[in-house]
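Structure data (CSV, C-alpha atoms) from target_6.csv:
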```csv
chain,number,residue,atom,x,y,z
A,1187,MET,CA,-20.2,-103.7,20.0
A,1188,ARG,CA,-23.0,-104.0,22.5
A,1189,ILE,CA,-26.2,-105.8,21.6
A,1190,ASN,CA,-28.3,-105.0,24.7
A,1191,ASN,CA,-28.6,-102.5,27.6
A,1192,GLU,CA,-26.4,-104.4,30.0
A,1193,SER,CA,-23.6,-102.3,31.5
A,1194,CYS,CA,-24.0,-99.4,29.0
A,1195,ASN,CA,-24.9,-96.7,31.5
A,1196,CYS,CA,-28.5,-96.4,30.4
A,1197,LEU,CA,-30.6,-95.5,33.4
A,1198,SER,CA,-34.0,-96.8,32.2
A,1199,PRO,CA,-34.7,-100.4,31.2
A,1200,GLN,CA,-37.6,-99.2,29.0
A,1201,ILE,CA,-35.4,-97.1,26.7
A,1202,GLU,CA,-33.4,-98.9,24.0
A,1203,CYS,CA,-29.7,-98.3,24.4
A,1204,GLU,CA,-28.0,-96.3,21.7
A,1205,ASN,CA,-24.5,-96.6,23.0
A,1206,PHE,CA,-23.4,-99.2,20.4
A,1207,GLY,CA,-20.1,-97.6,19.6
A,1208,PRO,CA,-17.8,-97.9,17.8
A,1209,PHE,CA,-15.5,-97.6,20.8
A,1210,VAL,CA,-12.0,-96.1,20.2
A,1211,ALA,CA,-9.0,-96.9,22.4
A,1212,LYS,CA,-6.9,-94.1,23.7
A,1213,ASN,CA,-3.5,-93.8,22.1
A,1214,ILE,CA,-1.0,-94.3,24.9
A,1215,ASN,CA,1.2,-91.5,23.5
A,1216,CYS,CA,-1.7,-89.0,24.2
A,1217,ILE,CA,-2.3,-89.9,27.8
A,1218,ASN,CA,0.3,-87.4,29.1
A,1219,PHE,CA,-1.0,-84.5,27.1
A,1220,ASN,CA,-3.8,-81.9,27.9
A,1221,GLU,CA,-6.7,-80.9,25.7
A,1222,SER,CA,-4.6,-78.2,24.0
A,1223,GLY,CA,-2.1,-80.8,22.9
A,1224,GLU,CA,0.6,-79.6,25.3
A,1225,GLU,CA,2.5,-82.1,27.3
A,1226,ASN,CA,1.3,-82.4,30.9
A,1227,ASP,CA,4.4,-81.8,33.0
A,1228,SER,CA,2.7,-81.5,36.4
A,1229,GLY,CA,3.5,-85.1,37.1
A,1230,SER,CA,1.7,-88.0,38.7
A,1231,ILE,CA,0.5,-88.3,42.3
A,1232,ILE,CA,1.3,-91.5,44.2
A,1233,PRO,CA,-1.0,-92.0,47.2
A,1234,PHE,CA,-0.2,-93.9,50.4
A,1235,SER,CA,-2.4,-94.9,53.2
A,1236,SER,CA,-2.2,-97.3,56.2
A,1237,GLY,CA,-5.9,-98.1,55.8
A,1238,ILE,CA,-7.3,-99.9,58.7
A,1239,SER,CA,-3.8,-100.9,59.9
A,1240,THR,CA,-2.4,-99.2,63.0
A,1241,SER,CA,0.7,-97.3,62.3
A,1242,VAL,CA,3.1,-97.2,65.3
A,1243,VAL,CA,6.3,-95.1,65.5
A,1244,THR,CA,8.5,-96.0,68.5
A,1245,ILE,CA,11.7,-94.6,70.0
A,1246,GLY,CA,13.8,-95.7,73.0
A,1247,PRO,CA,17.0,-97.6,74.0
A,1248,ASP,CA,15.1,-100.9,74.1
A,1249,PHE,CA,13.8,-100.6,70.6
A,1250,GLY,CA,16.1,-98.0,68.9
A,1251,LEU,CA,14.4,-95.9,66.3
A,1252,THR,CA,11.7,-98.0,64.7
A,1253,SER,CA,9.5,-96.8,61.8
A,1254,SER,CA,6.2,-97.6,60.1
A,1255,LEU,CA,6.2,-98.4,56.4
A,1256,ILE,CA,3.1,-97.1,54.7
A,1257,GLY,CA,1.7,-98.9,51.6
A,1258,PHE,CA,-1.5,-98.8,49.7
A,1259,GLY,CA,-4.0,-99.6,52.4
A,1260,THR,CA,-1.6,-101.5,54.8
A,1261,ALA,CA,1.3,-100.7,57.0
A,1262,ILE,CA,4.3,-102.6,58.5
A,1263,ASN,CA,5.4,-101.5,62.0
A,1264,GLY,CA,8.5,-101.9,64.0
A,1265,VAL,CA,11.0,-101.6,61.2
A,1266,PRO,CA,14.4,-100.3,62.5
A,1267,ILE,CA,16.3,-97.4,61.0
A,1268,LEU,CA,20.1,-97.6,61.3
A,1269,ASN,CA,22.3,-94.8,60.0
A,1270,ASN,CA,19.6,-93.5,57.7
A,1271,THR,CA,19.2,-96.9,56.1
A,1272,ILE,CA,16.5,-99.6,56.2
A,1273,ASN,CA,17.4,-103.2,55.5
A,1274,LEU,CA,14.4,-105.3,54.3
A,1275,SER,CA,16.4,-108.5,53.6
A,1276,GLY,CA,14.1,-111.3,54.7
A,1277,LEU,CA,11.4,-108.9,55.8
A,1278,LEU,CA,8.0,-107.8,54.5
A,1279,SER,CA,8.0,-104.7,52.4
A,1280,GLU,CA,5.6,-101.9,51.3
A,1281,ALA,CA,7.9,-100.7,48.5
A,1282,PHE,CA,6.8,-100.1,45.0
A,1283,SER,CA,8.8,-100.2,41.8
A,1284,VAL,CA,9.3,-97.1,39.6
A,1285,PRO,CA,8.1,-97.7,36.1
A,1286,ARG,CA,9.8,-94.8,34.4
A,1287,ASN,CA,12.6,-92.3,34.9
A,1288,GLY,CA,11.5,-89.1,36.7
A,1289,ASN,CA,11.9,-86.7,39.6
A,1290,ILE,CA,10.1,-86.5,42.9
A,1291,THR,CA,9.2,-82.9,43.5
A,1292,ALA,CA,6.7,-82.7,46.4
A,1293,ILE,CA,5.5,-84.6,49.4
A,1294,SER,CA,2.5,-84.3,51.7
A,1295,ALA,CA,1.7,-86.4,54.8
A,1296,ALA,CA,-0.7,-86.6,57.7
A,1297,PHE,CA,-0.8,-88.7,60.9
A,1298,ASN,CA,-4.1,-89.2,62.7
A,1299,TYR,CA,-3.0,-90.2,66.2
A,1300,PHE,CA,-5.3,-91.8,68.8
A,1301,LEU,CA,-2.7,-92.9,71.4
A,1302,ASP,CA,0.2,-90.8,72.5
A,1303,LEU,CA,2.4,-92.1,75.4
A,1304,ASN,CA,4.5,-88.9,75.5
A,1305,ARG,CA,1.9,-87.2,77.7
A,1306,GLY,CA,4.3,-84.6,79.1
A,1307,GLY,CA,6.2,-83.5,76.0
A,1308,LEU,CA,6.2,-82.8,72.3
A,1309,THR,CA,6.9,-85.4,69.6
A,1310,THR,CA,7.6,-84.6,66.0
A,1311,ILE,CA,6.7,-87.2,63.4
A,1312,THR,CA,8.4,-87.1,60.0
A,1313,ALA,CA,7.4,-88.7,56.7
A,1314,GLN,CA,10.2,-89.5,54.3
A,1315,ILE,CA,10.9,-91.5,51.1
A,1316,TYR,CA,13.6,-94.2,51.2
A,1317,ARG,CA,15.0,-95.6,48.0
A,1318,ALA,CA,16.7,-98.8,47.0
A,1319,PRO,CA,18.4,-99.4,43.6
A,1320,VAL,CA,17.5,-102.4,41.3
A,1321,GLY,CA,18.4,-105.7,43.0
A,1322,SER,CA,18.9,-104.3,46.5
A,1323,ASN,CA,16.9,-104.6,49.7
A,1324,ILE,CA,18.9,-101.7,51.3
A,1325,PHE,CA,16.9,-98.5,51.4
A,1326,THR,CA,18.6,-95.2,51.9
A,1327,ALA,CA,16.9,-91.9,53.0
A,1328,THR,CA,16.3,-89.3,50.3
A,1329,ASN,CA,15.8,-85.6,50.6
A,1330,VAL,CA,12.0,-86.1,50.1
A,1331,ARG,CA,10.8,-85.5,53.6
A,1332,VAL,CA,8.5,-83.4,55.6
A,1333,ASP,CA,8.1,-82.8,59.4
A,1334,LEU,CA,4.5,-82.9,60.5
A,1335,ALA,CA,3.0,-80.1,62.5
A,1336,PRO,CA,1.9,-79.3,65.1
A,1337,PRO,CA,4.0,-81.7,67.2
A,1338,VAL,CA,2.0,-84.4,69.0
A,1339,ALA,CA,1.5,-82.8,72.4
A,1340,GLY,CA,0.1,-85.4,74.7
A,1341,VAL,CA,-3.6,-84.9,73.9
A,1342,PRO,CA,-5.7,-88.1,73.6
A,1343,ALA,CA,-6.2,-87.7,69.8
A,1344,GLY,CA,-5.5,-85.3,66.9
A,1345,ILE,CA,-4.0,-84.8,63.4
A,1346,THR,CA,-0.6,-83.6,62.5
A,1347,PHE,CA,0.2,-82.6,58.8
A,1348,GLY,CA,2.9,-81.4,56.6
A,1349,SER,CA,3.5,-80.6,52.9
A,1350,ALA,CA,6.7,-79.5,51.1
A,1351,ASN,CA,8.1,-78.9,47.6
A,1352,VAL,CA,11.5,-80.4,47.4
A,1353,GLU,CA,14.5,-80.1,45.1
A,1354,PRO,CA,13.9,-82.7,42.4
A,1355,VAL,CA,15.1,-86.1,43.5
A,1356,PRO,CA,15.8,-88.3,40.5
A,1357,VAL,CA,14.4,-91.9,40.3
A,1358,SER,CA,15.2,-94.5,37.7
A,1359,VAL,CA,13.3,-97.4,36.2
A,1360,GLY,CA,13.4,-100.3,38.7
A,1361,ASP,CA,14.2,-98.2,41.8
A,1362,ARG,CA,12.0,-99.2,44.7
A,1363,LEU,CA,10.5,-96.5,47.0
A,1364,LEU,CA,9.3,-96.7,50.6
A,1365,MET,CA,7.1,-94.2,52.4
A,1366,VAL,CA,8.4,-94.2,56.0
A,1367,PHE,CA,7.0,-92.5,59.1
A,1368,TYR,CA,9.1,-92.2,62.2
A,1369,ILE,CA,9.8,-90.0,65.3
A,1370,SER,CA,12.4,-87.3,64.4
A,1371,SER,CA,12.5,-85.3,67.6
A,1372,ILE,CA,11.3,-85.4,71.2
A,1373,ILE,CA,11.0,-82.7,73.9
A,1374,ASN,CA,10.6,-83.9,77.5
A,1375,PRO,CA,10.0,-87.6,76.9
A,1376,PRO,CA,8.1,-89.2,79.7
A,1377,ALA,CA,10.0,-92.5,79.7
A,1378,LEU,CA,12.9,-94.3,78.1
A,1379,ASN,CA,10.6,-96.1,75.6
A,1380,PHE,CA,7.3,-94.8,74.2
A,1381,SER,CA,5.3,-94.8,71.0
A,1382,VAL,CA,2.6,-92.9,69.1
A,1383,GLU,CA,-0.2,-94.9,67.4
A,1384,GLY,CA,-2.6,-93.9,64.7
A,1385,THR,CA,-3.3,-94.0,61.0
A,1386,ALA,CA,-1.0,-92.5,58.3
A,1387,SER,CA,-1.5,-91.1,54.8
A,1388,ALA,CA,0.8,-89.4,52.3
A,1389,GLY,CA,1.4,-88.6,48.7
A,1390,ILE,CA,4.3,-87.7,46.5
A,1391,ASN,CA,4.5,-86.1,43.1
A,1392,ILE,CA,6.7,-87.6,40.3
A,1393,VAL,CA,7.4,-85.7,37.2
```
Please express what this file holds, its structure, as structure tokens.
Amino acid sequence: MRINNESCNCLSPQIECENFGPFVAKNINCINFNESGEENDSGSIIPFSSGISTSVVTIGPDFGLTSSLIGFGTAINGVPILNNTINLSGLLSEAFSVPRNGNITAISAAFNYFLDLNRGGLTTITAQIYRAPVGSNIFTATNVRVDLAPPVAGVPAGITFGSANVEPVPVSVGDRLLMVFYISSIINPPALNFSVEGTASAGINIV
């Protein structure tokens, strides 16, 4: 119970605060229900953002296909993808752990690029969820993916975006999920090795 005006949302110091409670805690079993008492089955949105970090996606024989892992305000660049898998053994990670069983049903993503070295062609960037089971650092590509449009077309700066509903992809307690950005296709590449730099953001829905 409060005994003064401090931190009680009263705007005036001259008016006596009447927000003395009692304060009632929310029953955890009610959190996933709407005002009509029906279960909220629309799911939970998990947001991702590279923040102030620079997200770089690179392709070429010298580097192979390298990706950018997007977390919650940070990004890790230069992570190789081999045969649709990412091995993070001994490496930094942006993965998060799934707290309950559910299904991923949708994905949206955007890439705000400010440096495109493929000046003479078209580059498609894809955002995709990779998953590792409990106790593993080997992440495998899931069907939760979206190709961003329009393709990066050699202009100095721009935004490419994509959103898709997907067939439900089940996840289990303890699974770890990664949001991965990478180059999925190129038309008329200007050189053997090139990259696209910018900031990335995305979101998925888990029901």
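If only C-alpha atoms are the atoms counted, then among A:Val1382, A:Ile1372, A:Val1359, A:Ile1293 the closest residue to Gln1314 (chain A) is A:Ile1293.
Considering only C-alpha atoms, the residue among A:Gly1344, A:Gly1237, A:Asn1374, A:Ile1369 positioned nearest to Ile1267 (chain A) is A:Ile1369.
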**OP:** Work out how far CA of Pro1354 (chain A) is from CA of Gly1264 (chain A), in Å to one decimal.
**Re:** 29.4 Å
Original post:
What is the distance between CA of Val1352 (chain A) and CA of Ser1381 (chain A), in Å to one decimal?
Top reply: 28.3 Å
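Counting all atoms listed in the file, Ile1232 (chain A) has the following residues at most 8 Å away, ignoring those fewer than 2 positions along the same chain: Ser1230, Phe1234, Gly1389, Ile1390, Asn1391 and Ile1392 of chain A.
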Subject >> Residues near Ser1239 (chain A), cut-off 8 Å, all atoms listed in the file, skip fewer than 6 positions along chain, as JSON, numbers by chain >> reply: {"A": [1259, 1260, 1261, 1385]}
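With distances restricted to all atoms listed in the file, A:Asn1270 is the closest residue to Thr1328 (chain A) from A:Ser1235, A:Asn1270, A:Thr1244, A:Ser1228.
Residues within 9 Å of Val1366 (chain A), counting all atoms listed in the file and excluding same-chain residues fewer than 3 positions away, are A:Ser1253, A:Ser1254, A:Leu1255, A:Ile1256, A:Thr1312, A:Ala1313, A:Gln1314, A:Ile1315, A:Tyr1316.
With all atoms listed in the file taken into account, the protein and nucleic acid residues at most 12 Å from Ala1318 (chain A) (excluding it and anything under 4 positions from it in its own chain) are Thr1271, Ile1272, Asn1273, Leu1274, Ser1275, Ser1279, Ala1281, Phe1282, Ser1283, Val1284, Ser1322, Asn1323, Ile1324, Phe1325, Thr1326, Ala1327, Thr1328, Val1357, Ser1358, Val1359, Gly1360, Asp1361, Arg1362, Leu1363, Leu1364 and Met1365 of chain A.
Picture a line from CA of Leu1301 (chain A) to CA of Val1243 (chain A); it runs 11.0 Å.
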Original post:
Pro1356 (chain A): which residues within 10 Å, counting all atoms listed in the file, same-chain residues fewer than 6 positions away excluded, as a ChimeraX atom specification?
Top reply: /A:1287-1291,1328,1392-1393
Please determine the residues with any atom at most 10 Å from (5.5, -76.8, 63.8) (coordinates as given in the file, with only C-alpha atoms counting) and report them as a short mmCIF file (atom, residue, chain, number, x, y, z; two decimals) with C-alpha atoms, in the coordinates of the input.
```cif
data_model
loop_
_atom_site.label_atom_id
_atom_site.label_comp_id
_atom_site.auth_asym_id
_atom_site.auth_seq_id
_atom_site.Cartn_x
_atom_site.Cartn_y
_atom_site.Cartn_z
CA THR A 1310 7.60 -84.60 66.00
CA ASP A 1333 8.10 -82.80 59.40
CA LEU A 1334 4.50 -82.90 60.50
CA ALA A 1335 3.00 -80.10 62.50
CA PRO A 1336 1.90 -79.30 65.10
CA PRO A 1337 4.00 -81.70 67.20
CA VAL A 1338 2.00 -84.40 69.00
CA THR A 1346 -0.60 -83.60 62.50
CA PHE A 1347 0.20 -82.60 58.80
CA GLY A 1348 2.90 -81.40 56.60
#
```
